[in-house]
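Dumped coords.txt below, it's compact mmCIF, C-alpha atoms:
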# COMPACT_ATOMS: atom_id res chain seq x y z
CA MET J 1 -21.75 73.64 -17.37
CA LYS J 2 -23.56 72.59 -20.51
CA LYS J 3 -20.32 71.19 -22.01
CA ILE J 4 -19.63 69.18 -18.84
CA CYS J 5 -23.13 67.64 -18.92
CA ILE J 6 -22.77 66.70 -22.60
CA CYS J 7 -19.34 65.13 -21.95
CA LEU J 8 -20.68 63.23 -18.94
CA LEU J 9 -23.65 61.97 -20.96
CA ALA J 10 -21.33 60.82 -23.78
CA ILE J 11 -19.10 58.94 -21.34
CA LEU J 12 -22.06 57.22 -19.67
CA SER J 13 -23.62 56.17 -22.97
CA THR J 14 -20.29 54.82 -24.26
CA SER J 15 -19.70 52.80 -21.09
CA ALA J 16 -23.24 51.42 -21.24
CA ILE J 17 -22.67 50.24 -24.82
CA CYS J 18 -19.38 48.59 -23.88
CA ALA J 19 -20.81 47.01 -20.71
CA SER J 20 -23.65 45.39 -22.61
CA ALA J 21 -21.22 43.60 -24.94
CA GLN J 22 -20.77 40.45 -22.83
CA THR J 23 -22.62 40.56 -19.53
CA LYS J 24 -21.98 38.76 -16.28
CA GLY J 25 -23.64 35.34 -16.24
CA ASP J 26 -23.50 34.77 -20.03
CA MET J 27 -22.24 31.33 -21.03
CA PHE J 28 -21.21 29.71 -24.29
CA VAL J 29 -20.17 26.40 -25.80
CA GLY J 30 -18.06 26.27 -28.90
CA GLY J 31 -14.74 25.19 -30.19
CA ASN J 32 -11.72 25.88 -32.35
CA LEU J 33 -10.34 24.12 -35.36
CA GLY J 34 -6.75 24.53 -36.51
CA ILE J 35 -4.85 23.15 -39.49
CA SER J 36 -1.23 23.98 -40.31
CA THR J 37 1.92 22.57 -41.85
CA THR J 38 5.42 22.35 -40.43
CA SER J 39 8.74 21.97 -42.15
CA PHE J 40 12.16 21.58 -40.58
CA ILE J 41 15.70 20.44 -41.36
CA VAL J 42 17.78 18.37 -38.93
CA GLU J 43 21.36 17.45 -39.85
CA GLY J 44 20.71 18.05 -43.54
CA GLU J 45 17.52 16.01 -43.76
CA SER J 46 14.19 17.78 -44.19
CA SER J 47 10.79 16.74 -42.97
CA THR J 48 7.35 18.19 -43.57
CA GLY J 49 4.24 17.52 -41.52
CA LEU J 50 0.56 18.34 -41.35
CA ASN J 51 -1.00 19.41 -38.02
CA PHE J 52 -4.70 19.14 -37.16
CA ASN J 53 -6.23 20.36 -33.90
CA ILE J 54 -9.79 20.41 -32.55
CA ALA J 55 -10.75 21.94 -29.19
CA PRO J 56 -14.32 22.09 -27.78
CA GLU J 57 -14.70 24.90 -25.22
CA PHE J 58 -17.03 26.13 -22.47
CA GLY J 59 -16.93 29.71 -21.18
CA TYR J 60 -18.62 31.76 -18.46
CA PHE J 61 -18.56 35.54 -17.97
CA VAL J 62 -17.70 36.15 -14.30
CA ALA J 63 -17.99 39.91 -14.84
CA ASP J 64 -19.00 42.14 -17.74
CA ASN J 65 -16.54 41.47 -20.60
CA LEU J 66 -14.39 39.07 -18.49
CA LYS J 67 -14.61 35.41 -19.49
CA ILE J 68 -13.14 32.33 -17.85
CA GLY J 69 -13.31 29.02 -19.64
CA ALA J 70 -11.73 25.69 -20.40
CA SER J 71 -11.22 23.56 -23.46
CA ILE J 72 -10.11 20.03 -24.15
CA SER J 73 -7.89 19.86 -27.20
CA TYR J 74 -6.95 16.90 -29.39
CA GLY J 75 -4.24 17.24 -32.00
CA ILE J 76 -2.43 15.03 -34.46
CA GLU J 77 0.78 15.83 -36.28
CA SER J 78 1.91 13.62 -39.11
CA ALA J 79 5.49 13.88 -40.28
CA ASP J 80 7.69 10.78 -40.36
CA TYR J 81 5.31 9.25 -37.78
CA ALA J 82 2.06 10.35 -36.15
CA THR J 83 2.11 12.24 -32.85
CA HIS J 84 -1.16 12.50 -30.89
CA THR J 85 -1.69 15.13 -28.18
CA LEU J 86 -4.42 15.67 -25.62
CA SER J 87 -4.55 18.95 -23.65
CA VAL J 88 -6.70 20.57 -20.97
CA LEU J 89 -6.59 24.36 -21.31
CA PRO J 90 -8.13 26.61 -18.62
CA ASN J 91 -8.23 30.19 -19.96
CA ILE J 92 -9.25 33.77 -19.29
CA ALA J 93 -10.02 36.55 -21.77
CA TYR J 94 -11.21 40.15 -21.73
CA TYR J 95 -13.62 41.41 -24.43
CA VAL J 96 -13.01 44.91 -25.80
CA LYS J 97 -15.61 46.21 -28.24
CA VAL J 98 -13.87 47.49 -31.39
CA CYS J 99 -17.02 48.30 -33.34
CA ASN J 100 -20.56 47.01 -33.70
CA ASN J 101 -20.52 43.20 -33.04
CA PHE J 102 -16.70 42.95 -33.36
CA TYR J 103 -14.49 42.40 -30.30
CA TYR J 104 -10.79 42.22 -29.52
CA THR J 105 -10.39 39.33 -27.03
CA PRO J 106 -6.83 39.08 -25.67
CA GLY J 107 -6.39 36.17 -23.32
CA LEU J 108 -4.16 33.92 -21.28
CA GLU J 109 -4.24 30.13 -21.12
CA LEU J 110 -2.44 27.47 -19.10
CA GLY J 111 -2.32 24.00 -20.56
CA PHE J 112 -1.61 20.52 -19.26
CA ALA J 113 -0.87 18.06 -22.05
CA ALA J 114 0.16 14.54 -22.91
CA GLY J 115 1.58 13.47 -26.25
CA PHE J 116 2.15 10.01 -27.66
CA THR J 117 4.01 8.57 -30.64
CA GLU J 118 4.93 4.95 -31.40
CA ASP J 119 7.20 4.41 -28.38
CA ILE J 120 7.51 7.85 -26.80
CA SER J 121 5.26 9.55 -24.25
CA MET J 122 5.47 13.31 -23.67
CA PRO J 123 3.72 14.76 -20.61
CA GLY J 124 4.07 18.51 -20.18
CA PHE J 125 2.52 21.92 -19.65
CA GLY J 126 2.42 25.24 -21.42
CA LEU J 127 1.53 28.87 -20.98
CA GLY J 128 0.05 30.90 -23.84
CA VAL J 129 -0.82 34.52 -24.45
CA ASN J 130 -3.28 35.22 -27.27
CA LEU J 131 -2.54 38.75 -28.42
CA GLY J 132 -4.35 38.65 -31.75
CA SER J 133 -7.71 37.13 -30.82
CA PHE J 134 -10.94 38.55 -32.20
CA GLU J 135 -14.62 37.63 -32.20
CA LEU J 136 -17.39 38.59 -34.59
CA ARG J 137 -20.96 38.32 -33.24
CA PRO J 138 -23.28 38.38 -36.29
CA THR J 139 -26.21 37.56 -33.95
CA GLU J 140 -26.73 37.78 -30.20
CA LYS J 141 -26.42 33.99 -29.75
CA PHE J 142 -23.66 33.16 -32.27
CA GLY J 143 -19.99 34.16 -32.48
CA ILE J 144 -17.05 33.44 -34.79
CA SER J 145 -13.65 33.62 -33.12
CA MET J 146 -10.17 33.78 -34.63
CA ASN J 147 -6.65 33.87 -33.23
CA LEU J 148 -4.00 35.37 -35.50
CA LEU J 149 -1.19 36.16 -33.06
CA SER J 150 -0.05 34.12 -30.07
CA LEU J 151 2.99 33.59 -27.91
CA SER J 152 3.49 30.35 -26.00
CA TYR J 153 6.00 28.62 -23.75
CA VAL J 154 5.91 24.81 -23.63
CA VAL J 155 7.81 22.31 -21.46
CA LEU J 156 7.72 18.64 -22.51
CA THR J 157 9.31 15.58 -20.95
CA TYR J 158 10.25 12.84 -23.41
CA ASN J 159 10.19 9.24 -22.21
CA ASP J 160 11.38 6.62 -24.72
CA LYS J 161 10.33 3.13 -23.56
CA ASP J 162 12.62 1.21 -25.93
CA TYR J 163 15.87 3.02 -25.16
CA GLY J 164 15.17 4.26 -21.63
CA VAL J 165 15.78 7.87 -22.70
CA HIS J 166 14.33 10.64 -20.51
CA PHE J 167 14.88 14.37 -21.19
CA ASN J 168 13.08 17.73 -20.99
CA THR J 169 12.65 20.32 -23.73
CA ASN J 170 11.56 23.94 -23.58
CA ALA J 171 10.06 25.75 -26.57
CA VAL J 172 8.95 29.31 -27.15
CA ASN J 173 6.58 29.71 -30.11
CA PHE J 174 5.48 32.93 -31.76
CA ASN J 175 2.70 32.44 -34.31
CA LEU J 176 1.78 35.32 -36.59
CA GLY J 177 -0.99 34.27 -38.94
CA ILE J 178 0.94 31.17 -40.01
CA SER J 179 -1.18 28.73 -38.05
CA PRO J 180 -4.37 30.67 -37.26
CA SER J 181 -7.30 28.98 -35.58
CA ILE J 182 -10.98 29.63 -36.22
CA GLY J 183 -13.83 28.76 -33.89
CA VAL J 184 -17.55 29.14 -33.34
CA LYS J 185 -19.47 29.93 -30.15
CA CYS J 186 -23.14 29.50 -29.21
CA TYR J 187 -24.20 31.79 -26.36
CA PHE J 188 -26.97 31.03 -23.89
structure tokens encoding of this file:
Amino acid sequence: MKKICICLLAILSTSAICASAQTKGDMFVGGNLGISTTSFIVEGESSTGLNFNIAPEFGYFVADNLKIGASISYGIESADYATHTLSVLPNIAYYVKVCNNFYYTPGLELGFAAGFTEDISMPGFGLGVNLGSFELRPTEKFGISMNLLSLSYVVLTYNDKDYGVHFNTNAVNFNLGISPSIGVKCYF
């Protein structure tokens, strides 16, 4: 009987620690910043580009450790010409406490985007799964987030005004630490 009581007490104290990690009703504002390079070869000609992305975010915990949120993302890619993108990304994530003030935060996001170059517009949508997301909370009101592993599926429609070209593309991206993003969060 004594062993059962000790086990029960250990389970209750562990669940109380985990439940107090991110409590229902907590909110935050923050954002992510991403910088990466791309390089590709098409028909023997190579091109290299620099990508920059900034995404302010708002989040709300609808239940203990379960966050819903949304971000607005702006990105620019410069290769042979500049491509600008604007995205709205509703998202959901679950916070799992790994150790003191460090959380694993896998999540899912659905994005609606529009991209523009000189003469081409690219409306589209995407679905992303963030499998390698983490957050460090050095204080109760401040967090540092990072995403090291993600999988995404993107559908874009290209409309070329000059040549009247219209076609769809599908892309599956798997990022493993090559284009990580880092963000900050202020909780209130």
Please return the centre and edge lengths, in Å to one decimal, of a box with edges along x, y and z that contains all listed atoms of region 129-144 of chain J, widened by 5 Å on every side, as AutoDock Vina command-line options.
--center_x -13.8 --center_y 36.0 --center_z -30.4 --size_x 35.9 --size_y 15.6 --size_z 21.8
Excluding Arg137 (chain J) and its own-chain neighbours fewer than 4 positions away, which residues fall within 8 Å of it when counting only C-alpha atoms? Please give them as a PyMOL selection string. chain J and resi 101-102+141-144
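When only C-alpha atoms are used to compute distances to Tyr60 (chain J), the closest of the residues J:Leu136, J:Val184, J:Met122, J:Ile92 turns out to be J:Ile92.
Once all atoms listed in the file are considered, the residues situated within 10 Å of the file point (-20.4, 36.9, -21.6) turn out to be Ser20, Ala21, Gln22, Thr23, Lys24, Gly25, Asp26, Met27, Phe28, Gly59, Tyr60, Phe61, Val62, Ala63, Asp64, Asn65, Leu66, Lys67, Ile68, Tyr94, Tyr95, Tyr187 and Phe188 of chain J.
Take CA of Asp160 (chain J) and CA of Phe116 (chain J): the distance between them is 10.3 Å.
Straight-line separation from CA of Ser152 (chain J) to CA of Ser47 (chain J): 22.9 Å.
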8 Å contact set for Tyr81 (chain J), only C-alpha atoms, chain neighbours under 3 positions out, as a PyMOL selection string: chain J and resi 78+117-118
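The nearest approach to Gly107 (chain J) among the residues J:Thr139, J:Asp119, J:Gly126, J:Gly69, with all atoms listed in the file taken into account, belongs to J:Gly69.
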Residue neighbourhood Glu77 (chain J), 10 Å, only C-alpha atoms, exclusion window fewer than 5 positions, as a list in words: Ile35, Ser36, Thr37, Thr38, Gly49, Leu50, Asn51, Phe52, Asn53, Ala82, Thr83, His84, Thr85 and Thr117 of chain J
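CA of Tyr153 (chain J) lies 25.5 Å from CA of Tyr103 (chain J).
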Could you give me, as a list in words, the residues within 6 Å of region 86-88 of chain J, counting only C-alpha atoms and dropping anything in the same chain fewer than 2 positions from it? Ser71, Ile72, Ser73, Tyr74, Gly111, Phe112, Ala113 and Ala114 of chain J
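Shortest atom-to-atom contact with Ala93 (chain J) among J:Gly115, J:Gly75, J:Pro106, J:Gly128: J:Pro106, counting all atoms listed in the file.
Each of J:Lys185, J:Glu135, J:Phe125, J:Ala70 was compared to Val98 (chain J) using all atoms listed in the file, and J:Glu135 turns out to be the nearest.
A search radius of 6 Å centred on (-10.9, 28.4, -33.9), applied to all atoms listed in the file, returns the residues Asn32, Leu33, Ser145, Met146, Ser181, Ile182 and Gly183 of chain J.
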Written coordinates, N, CA and C atoms of region 65-111 of chain J as a PDB file, in the first residue's frame:
ATOM      1  N   ASN J  65      -0.861  23.786 -22.048  1.00  0.00           N
ATOM      2  CA  ASN J  65       0.139  23.305 -23.004  1.00  0.00           C
ATOM      3  C   ASN J  65      -0.324  23.272 -24.456  1.00  0.00           C
ATOM      4  N   LEU J  66      -1.532  23.714 -24.786  1.00  0.00           N
ATOM      5  CA  LEU J  66      -2.033  23.699 -26.163  1.00  0.00           C
ATOM      6  C   LEU J  66      -2.254  25.129 -26.635  1.00  0.00           C
ATOM      7  N   LYS J  67      -1.452  25.539 -27.628  1.00  0.00           N
ATOM      8  CA  LYS J  67      -1.459  26.909 -28.119  1.00  0.00           C
ATOM      9  C   LYS J  67      -2.037  26.981 -29.527  1.00  0.00           C
ATOM     10  N   ILE J  68      -2.904  27.982 -29.752  1.00  0.00           N
ATOM     11  CA  ILE J  68      -3.291  28.320 -31.117  1.00  0.00           C
ATOM     12  C   ILE J  68      -2.751  29.724 -31.369  1.00  0.00           C
ATOM     13  N   GLY J  69      -2.455  30.013 -32.600  1.00  0.00           N
ATOM     14  CA  GLY J  69      -1.890  31.316 -32.907  1.00  0.00           C
ATOM     15  C   GLY J  69      -1.963  31.627 -34.386  1.00  0.00           C
ATOM     16  N   ALA J  70      -1.425  32.777 -34.726  1.00  0.00           N
ATOM     17  CA  ALA J  70      -1.369  33.191 -36.128  1.00  0.00           C
ATOM     18  C   ALA J  70      -0.195  34.145 -36.294  1.00  0.00           C
ATOM     19  N   SER J  71       0.392  34.091 -37.464  1.00  0.00           N
ATOM     20  CA  SER J  71       1.468  35.024 -37.783  1.00  0.00           C
ATOM     21  C   SER J  71       1.269  35.556 -39.191  1.00  0.00           C
ATOM     22  N   ILE J  72       1.832  36.717 -39.410  1.00  0.00           N
ATOM     23  CA  ILE J  72       1.866  37.313 -40.741  1.00  0.00           C
ATOM     24  C   ILE J  72       3.330  37.361 -41.130  1.00  0.00           C
ATOM     25  N   SER J  73       3.666  36.740 -42.242  1.00  0.00           N
ATOM     26  CA  SER J  73       5.056  36.586 -42.628  1.00  0.00           C
ATOM     27  C   SER J  73       5.352  37.369 -43.911  1.00  0.00           C
ATOM     28  N   TYR J  74       6.485  38.058 -43.901  1.00  0.00           N
ATOM     29  CA  TYR J  74       6.980  38.719 -45.114  1.00  0.00           C
ATOM     30  C   TYR J  74       8.343  38.132 -45.436  1.00  0.00           C
ATOM     31  N   GLY J  75       8.538  37.781 -46.684  1.00  0.00           N
ATOM     32  CA  GLY J  75       9.826  37.234 -47.101  1.00  0.00           C
ATOM     33  C   GLY J  75      10.293  37.835 -48.409  1.00  0.00           C
ATOM     34  N   ILE J  76      11.586  37.861 -48.589  1.00  0.00           N
ATOM     35  CA  ILE J  76      12.172  38.303 -49.850  1.00  0.00           C
ATOM     36  C   ILE J  76      13.287  37.335 -50.214  1.00  0.00           C
ATOM     37  N   GLU J  77      13.286  36.922 -51.460  1.00  0.00           N
ATOM     38  CA  GLU J  77      14.327  36.047 -51.982  1.00  0.00           C
ATOM     39  C   GLU J  77      14.981  36.770 -53.147  1.00  0.00           C
ATOM     40  N   SER J  78      16.284  36.900 -53.083  1.00  0.00           N
ATOM     41  CA  SER J  78      16.987  37.560 -54.176  1.00  0.00           C
ATOM     42  C   SER J  78      17.897  36.552 -54.856  1.00  0.00           C
ATOM     43  N   ALA J  79      17.619  36.283 -56.093  1.00  0.00           N
ATOM     44  CA  ALA J  79      18.471  35.438 -56.932  1.00  0.00           C
ATOM     45  C   ALA J  79      18.762  36.271 -58.179  1.00  0.00           C
ATOM     46  N   ASP J  80      18.239  35.867 -59.317  1.00  0.00           N
ATOM     47  CA  ASP J  80      18.389  36.679 -60.526  1.00  0.00           C
ATOM     48  C   ASP J  80      17.495  37.911 -60.458  1.00  0.00           C
ATOM     49  N   TYR J  81      16.397  37.824 -59.728  1.00  0.00           N
ATOM     50  CA  TYR J  81      15.472  38.933 -59.496  1.00  0.00           C
ATOM     51  C   TYR J  81      14.845  38.731 -58.121  1.00  0.00           C
ATOM     52  N   ALA J  82      14.272  39.770 -57.581  1.00  0.00           N
ATOM     53  CA  ALA J  82      13.711  39.699 -56.229  1.00  0.00           C
ATOM     54  C   ALA J  82      12.285  39.147 -56.262  1.00  0.00           C
ATOM     55  N   THR J  83      11.997  38.239 -55.343  1.00  0.00           N
ATOM     56  CA  THR J  83      10.654  37.699 -55.168  1.00  0.00           C
ATOM     57  C   THR J  83      10.186  38.054 -53.755  1.00  0.00           C
ATOM     58  N   HIS J  84       9.044  38.716 -53.657  1.00  0.00           N
ATOM     59  CA  HIS J  84       8.465  39.112 -52.373  1.00  0.00           C
ATOM     60  C   HIS J  84       7.290  38.188 -52.071  1.00  0.00           C
ATOM     61  N   THR J  85       7.157  37.770 -50.817  1.00  0.00           N
ATOM     62  CA  THR J  85       6.020  36.935 -50.413  1.00  0.00           C
ATOM     63  C   THR J  85       5.383  37.505 -49.156  1.00  0.00           C
ATOM     64  N   LEU J  86       4.083  37.339 -49.066  1.00  0.00           N
ATOM     65  CA  LEU J  86       3.318  37.729 -47.894  1.00  0.00           C
ATOM     66  C   LEU J  86       2.410  36.556 -47.542  1.00  0.00           C
ATOM     67  N   SER J  87       2.466  36.093 -46.296  1.00  0.00           N
ATOM     68  CA  SER J  87       1.716  34.906 -45.881  1.00  0.00           C
ATOM     69  C   SER J  87       0.964  35.164 -44.585  1.00  0.00           C
ATOM     70  N   VAL J  88      -0.184  34.521 -44.455  1.00  0.00           N
ATOM     71  CA  VAL J  88      -0.947  34.474 -43.206  1.00  0.00           C
ATOM     72  C   VAL J  88      -0.912  33.021 -42.763  1.00  0.00           C
ATOM     73  N   LEU J  89      -0.421  32.771 -41.535  1.00  0.00           N
ATOM     74  CA  LEU J  89      -0.183  31.410 -41.074  1.00  0.00           C
ATOM     75  C   LEU J  89      -0.877  31.110 -39.746  1.00  0.00           C
ATOM     76  N   PRO J  90      -2.136  30.625 -39.756  1.00  0.00           N
ATOM     77  CA  PRO J  90      -2.732  30.118 -38.521  1.00  0.00           C
ATOM     78  C   PRO J  90      -1.985  28.848 -38.104  1.00  0.00           C
ATOM     79  N   ASN J  91      -1.803  28.629 -36.782  1.00  0.00           N
ATOM     80  CA  ASN J  91      -1.025  27.481 -36.339  1.00  0.00           C
ATOM     81  C   ASN J  91      -1.523  26.954 -34.998  1.00  0.00           C
ATOM     82  N   ILE J  92      -1.072  25.755 -34.696  1.00  0.00           N
ATOM     83  CA  ILE J  92      -1.387  25.106 -33.424  1.00  0.00           C
ATOM     84  C   ILE J  92      -0.137  24.353 -32.982  1.00  0.00           C
ATOM     85  N   ALA J  93       0.136  24.358 -31.687  1.00  0.00           N
ATOM     86  CA  ALA J  93       1.305  23.648 -31.166  1.00  0.00           C
ATOM     87  C   ALA J  93       1.007  23.113 -29.776  1.00  0.00           C
ATOM     88  N   TYR J  94       1.690  22.031 -29.419  1.00  0.00           N
ATOM     89  CA  TYR J  94       1.559  21.435 -28.097  1.00  0.00           C
ATOM     90  C   TYR J  94       2.917  21.518 -27.395  1.00  0.00           C
ATOM     91  N   TYR J  95       2.940  22.001 -26.169  1.00  0.00           N
ATOM     92  CA  TYR J  95       4.172  22.187 -25.404  1.00  0.00           C
ATOM     93  C   TYR J  95       4.418  20.988 -24.494  1.00  0.00           C
ATOM     94  N   VAL J  96       5.561  20.335 -24.672  1.00  0.00           N
ATOM     95  CA  VAL J  96       5.962  19.203 -23.844  1.00  0.00           C
ATOM     96  C   VAL J  96       7.223  19.624 -23.090  1.00  0.00           C
ATOM     97  N   LYS J  97       7.163  19.589 -21.775  1.00  0.00           N
ATOM     98  CA  LYS J  97       8.305  20.001 -20.964  1.00  0.00           C
ATOM     99  C   LYS J  97       9.388  18.929 -21.036  1.00  0.00           C
ATOM    100  N   VAL J  98      10.575  19.313 -21.528  1.00  0.00           N
ATOM    101  CA  VAL J  98      11.706  18.394 -21.616  1.00  0.00           C
ATOM    102  C   VAL J  98      12.494  18.435 -20.315  1.00  0.00           C
ATOM    103  N   CYS J  99      12.807  19.625 -19.865  1.00  0.00           N
ATOM    104  CA  CYS J  99      13.465  19.827 -18.579  1.00  0.00           C
ATOM    105  C   CYS J  99      13.116  21.240 -18.109  1.00  0.00           C
ATOM    106  N   ASN J 100      13.718  21.666 -17.035  1.00  0.00           N
ATOM    107  CA  ASN J 100      13.390  22.961 -16.457  1.00  0.00           C
ATOM    108  C   ASN J 100      13.505  24.088 -17.490  1.00  0.00           C
ATOM    109  N   ASN J 101      12.396  24.763 -17.801  1.00  0.00           N
ATOM    110  CA  ASN J 101      12.328  25.915 -18.716  1.00  0.00           C
ATOM    111  C   ASN J 101      12.652  25.589 -20.170  1.00  0.00           C
ATOM    112  N   PHE J 102      12.652  24.329 -20.579  1.00  0.00           N
ATOM    113  CA  PHE J 102      12.932  23.949 -21.963  1.00  0.00           C
ATOM    114  C   PHE J 102      11.811  23.033 -22.451  1.00  0.00           C
ATOM    115  N   TYR J 103      11.206  23.394 -23.595  1.00  0.00           N
ATOM    116  CA  TYR J 103      10.020  22.696 -24.088  1.00  0.00           C
ATOM    117  C   TYR J 103      10.208  22.243 -25.529  1.00  0.00           C
ATOM    118  N   TYR J 104       9.667  21.079 -25.828  1.00  0.00           N
ATOM    119  CA  TYR J 104       9.532  20.596 -27.204  1.00  0.00           C
ATOM    120  C   TYR J 104       8.149  21.032 -27.662  1.00  0.00           C
ATOM    121  N   THR J 105       8.051  21.734 -28.805  1.00  0.00           N
ATOM    122  CA  THR J 105       6.785  22.345 -29.222  1.00  0.00           C
ATOM    123  C   THR J 105       6.411  21.951 -30.651  1.00  0.00           C
ATOM    124  N   PRO J 106       6.115  20.676 -30.905  1.00  0.00           N
ATOM    125  CA  PRO J 106       5.712  20.306 -32.264  1.00  0.00           C
ATOM    126  C   PRO J 106       4.416  21.013 -32.646  1.00  0.00           C
ATOM    127  N   GLY J 107       4.289  21.332 -33.923  1.00  0.00           N
ATOM    128  CA  GLY J 107       3.102  22.072 -34.332  1.00  0.00           C
ATOM    129  C   GLY J 107       2.730  21.854 -35.775  1.00  0.00           C
ATOM    130  N   LEU J 108       1.590  22.396 -36.120  1.00  0.00           N
ATOM    131  CA  LEU J 108       1.021  22.309 -37.457  1.00  0.00           C
ATOM    132  C   LEU J 108       0.597  23.705 -37.869  1.00  0.00           C
ATOM    133  N   GLU J 109       0.871  24.078 -39.128  1.00  0.00           N
ATOM    134  CA  GLU J 109       0.441  25.387 -39.613  1.00  0.00           C
ATOM    135  C   GLU J 109      -0.110  25.268 -41.027  1.00  0.00           C
ATOM    136  N   LEU J 110      -1.073  26.132 -41.323  1.00  0.00           N
ATOM    137  CA  LEU J 110      -1.694  26.207 -42.635  1.00  0.00           C
ATOM    138  C   LEU J 110      -1.495  27.628 -43.114  1.00  0.00           C
ATOM    139  N   GLY J 111      -0.936  27.787 -44.294  1.00  0.00           N
ATOM    140  CA  GLY J 111      -0.615  29.132 -44.752  1.00  0.00           C
ATOM    141  C   GLY J 111      -1.301  29.502 -46.051  1.00  0.00           C
TER     142      GLY J 111
END
